[in-house]
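First comes the structure, then the notes that go with it.
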Amino acid sequence: MAVGNRAAAGTTAPIVDIRSGALQVRLAESEADIEAAQALRYRVFYEALGARAAREMRHVRRDVDRFDESCDHLLVLDHSRGAGPGAVVGTYRLIRRAAAARLGGFYSAGEFDISRLVAYPGEILELGRSCVDAAYRQRSAAQLLWSGIAAYVFRYKIDLMFGCASLPGTDPERLALPLSYLAHCHLAPPELRARALADRYIEMRRLPPSAIDSTRARAGLPPLIKGYLRLGGFVGEGAVIDDDFNTTDVCVVVKTDLVTEKYSRHYERQAKDPKDSWARGGWTS
């Protein structure tokens, strides 16, 4: 498995290391770290949210797939819970272009035609497998994950990030309002528009624009999708039902200009005042 939190061999500065009280966000540095992230994903996706686990995953009680082998795993740890696997309370999986080449493609390509995104010049980053322990969702763990992504984007000069984002449930009619709102109000421009694969395509425009209450639709979106939209994110064409995870997925695309701008402002502030906390200020505001 790919592990490491150093910019290059022989360097000591971590790629991501942000602290807020007992919480820390960093990249996985060992196979034990990755297994702890997979165990958290299992607890959230399968035990709490009712996803269907393969027998092998039920046996080890970890959410595992082949994409874990060659990517970076972003972790939030609560050091007040000790140094074991239980300290990992948040995670995100990060796959850059080179890692996708080793893996034979990006995870999102199993649901969407992402050829336009892959053709985008510069570095691209797929975000996936995001989850936070239920006890930490109203605390700063989720914000620390976003801050960690910002640091990672800044360090690797990511130009574009994307990934599958989920709405709960598999009945498109019950999701008519959020799906229609996303399609009518946040559709990606043609050059950045992923499209659901033909055999999995679910029409998102289920309501006419005149029937959409934007305020109510936005309020009902999952926090992750709202976070992407605050960064100026777009969605692709069509949704995909994922029966195994009991979700309806959309492909979200974000140009990282705003991310790097906010991180640069923070970096400049910190240079002037080392006590300035990135986690305190946040970057999704």
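FYI, nothing fancy with the structure tokens labels: chains A, B, ... in order, residues from 1 per chain, ligands from 1 as they appear.
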
Quick one: which range 81-135 of chain A residues come within 9 Å of range 174-193 of chain A, and what is the nearest atom pair for each with the distance in Å to one decimal, counting only C-alpha atoms, rows ordered by chain and ascending number, as a tab-separated table?
```
residue	atom	partner	partner_atom	distance
A:Asp113	CA	A:Arg193	CA	9.0
A:Ile114	CA	A:Arg193	CA	7.8
A:Arg116	CA	A:Leu192	CA	6.0
A:Leu117	CA	A:Leu192	CA	5.9
A:Tyr120	CA	A:Leu192	CA	8.1
```

Taking the DSSP secondary structure from the backbone, can you list the residues of range 61-227 of chain A that are alpha helix (DSSP H), as a PDB file with C-alpha atoms, in the first residue's frame?
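The file below, selection-v1.pdb, is the result:
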```
ATOM      1  CA  ARG A  97      -3.238  11.273 -11.960  1.00  0.00           C
ATOM      2  CA  ALA A  98      -0.082   9.162 -11.468  1.00  0.00           C
ATOM      3  CA  ALA A  99      -1.795   6.912  -8.929  1.00  0.00           C
ATOM      4  CA  ALA A 100      -4.761   6.428 -11.269  1.00  0.00           C
ATOM      5  CA  ALA A 101      -2.357   5.390 -14.013  1.00  0.00           C
ATOM      6  CA  ARG A 102      -0.952   2.686 -11.737  1.00  0.00           C
ATOM      7  CA  LEU A 103      -4.478   1.586 -10.808  1.00  0.00           C
ATOM      8  CA  SER A 115     -12.761  11.509 -20.125  1.00  0.00           C
ATOM      9  CA  ARG A 116     -13.106  15.310 -20.248  1.00  0.00           C
ATOM     10  CA  LEU A 117     -11.772  15.589 -16.721  1.00  0.00           C
ATOM     11  CA  VAL A 118      -8.870  13.247 -17.410  1.00  0.00           C
ATOM     12  CA  ALA A 141     -13.195  17.001  12.385  1.00  0.00           C
ATOM     13  CA  ALA A 142     -15.006  17.617   9.100  1.00  0.00           C
ATOM     14  CA  GLN A 143     -13.517  21.108   8.835  1.00  0.00           C
ATOM     15  CA  LEU A 144     -10.063  19.671   9.496  1.00  0.00           C
ATOM     16  CA  LEU A 145     -10.554  17.258   6.591  1.00  0.00           C
ATOM     17  CA  TRP A 146     -11.352  20.180   4.306  1.00  0.00           C
ATOM     18  CA  SER A 147      -8.304  22.037   5.625  1.00  0.00           C
ATOM     19  CA  GLY A 148      -6.159  18.980   4.954  1.00  0.00           C
ATOM     20  CA  ILE A 149      -7.431  18.808   1.385  1.00  0.00           C
ATOM     21  CA  ALA A 150      -6.614  22.493   0.942  1.00  0.00           C
ATOM     22  CA  ALA A 151      -3.038  21.896   2.121  1.00  0.00           C
ATOM     23  CA  TYR A 152      -2.719  18.881  -0.180  1.00  0.00           C
ATOM     24  CA  VAL A 153      -4.094  20.820  -3.166  1.00  0.00           C
ATOM     25  CA  PHE A 154      -1.710  23.677  -2.461  1.00  0.00           C
ATOM     26  CA  ARG A 155       1.326  21.378  -2.077  1.00  0.00           C
ATOM     27  CA  TYR A 156       0.706  19.378  -5.260  1.00  0.00           C
ATOM     28  CA  ALA A 176     -36.427  14.871  -7.314  1.00  0.00           C
ATOM     29  CA  LEU A 177     -35.897  18.266  -5.662  1.00  0.00           C
ATOM     30  CA  PRO A 178     -32.146  18.053  -4.919  1.00  0.00           C
ATOM     31  CA  LEU A 179     -31.361  16.285  -8.204  1.00  0.00           C
ATOM     32  CA  SER A 180     -33.326  18.816 -10.242  1.00  0.00           C
ATOM     33  CA  TYR A 181     -31.806  21.732  -8.358  1.00  0.00           C
ATOM     34  CA  LEU A 182     -28.273  20.487  -9.002  1.00  0.00           C
ATOM     35  CA  ALA A 183     -28.943  19.843 -12.685  1.00  0.00           C
ATOM     36  CA  HIS A 184     -30.665  23.156 -13.361  1.00  0.00           C
ATOM     37  CA  CYS A 185     -28.502  25.405 -11.180  1.00  0.00           C
ATOM     38  CA  SER A 214     -33.731  26.725  -4.367  1.00  0.00           C
ATOM     39  CA  THR A 215     -33.491  27.617  -0.693  1.00  0.00           C
ATOM     40  CA  ARG A 216     -35.232  24.440   0.411  1.00  0.00           C
ATOM     41  CA  ALA A 217     -33.314  22.330  -2.096  1.00  0.00           C
ATOM     42  CA  ARG A 218     -29.944  23.649  -0.981  1.00  0.00           C
ATOM     43  CA  ALA A 219     -30.796  23.270   2.704  1.00  0.00           C
ATOM     44  CA  PRO A 223     -23.065  18.722   3.874  1.00  0.00           C
ATOM     45  CA  LEU A 224     -20.371  17.339   1.570  1.00  0.00           C
ATOM     46  CA  ILE A 225     -22.156  18.495  -1.574  1.00  0.00           C
ATOM     47  CA  LYS A 226     -22.905  21.879  -0.021  1.00  0.00           C
ATOM     48  CA  GLY A 227     -19.198  22.224   0.740  1.00  0.00           C
TER      49      GLY A 227
END
```

With distances taken over only C-alpha atoms, which residue among A:Gly232, A:Pro121, A:Pro209, A:Gly238 lies nearest Ala194 in chain A?
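Once distances to Ala194 in chain A are computed over only C-alpha atoms, the minimum belongs to A:Gly238.
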
Find the spatial neighbours of range 30-42 of chain A, counting only C-alpha atoms, within a cut-off of 9 Å - ignore same-chain residues fewer than 3 positions away - and output them as a ChimeraX atom specification.
/A:1-4,27,45-48,51,53,57-58,60-64,68,73-75,84-92,129-133

Distance in Å - CA of Leu231 in chain A versus CA of Tyr136 in chain A:
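Taking CA of Leu231 in chain A and CA of Tyr136 in chain A, their separation equals 22.7 Å.
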
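You will find CA of Arg19 in chain A at 15.0 Å from CA of Arg81 in chain A.
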
Enumerate as a ChimeraX atom specification all residues of range 107-274 of chain A assigned to strand (DSSP E or B) by DSSP on the backbone, naming them with the chain letters and numbers the document uses.
/A:112-113,123-132,158-168,187,195-196,202,234-235,237,239-242,247-255

Enter the distance from CA of Phe112 in chain A to CA of Asp242 in chain A, in Å, rounded to one decimal.
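CA of Asp242 in chain A lies 12.2 Å from CA of Phe112 in chain A.
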
Would you kindly return, as a list in words, each protein, DNA or RNA residue with an atom no farther than 12 Å from any atom of Gly169 in chain A, considering only C-alpha atoms and excluding same-chain residues fewer than 5 positions away?
Leu49, Gly50, Ala51, Arg174, Leu175, Ala176, Pro222, Val240, Ile241, Asp242, Asp243, Asp244, Phe245, Asn246, Thr247, Thr248 and Asp249 of chain A
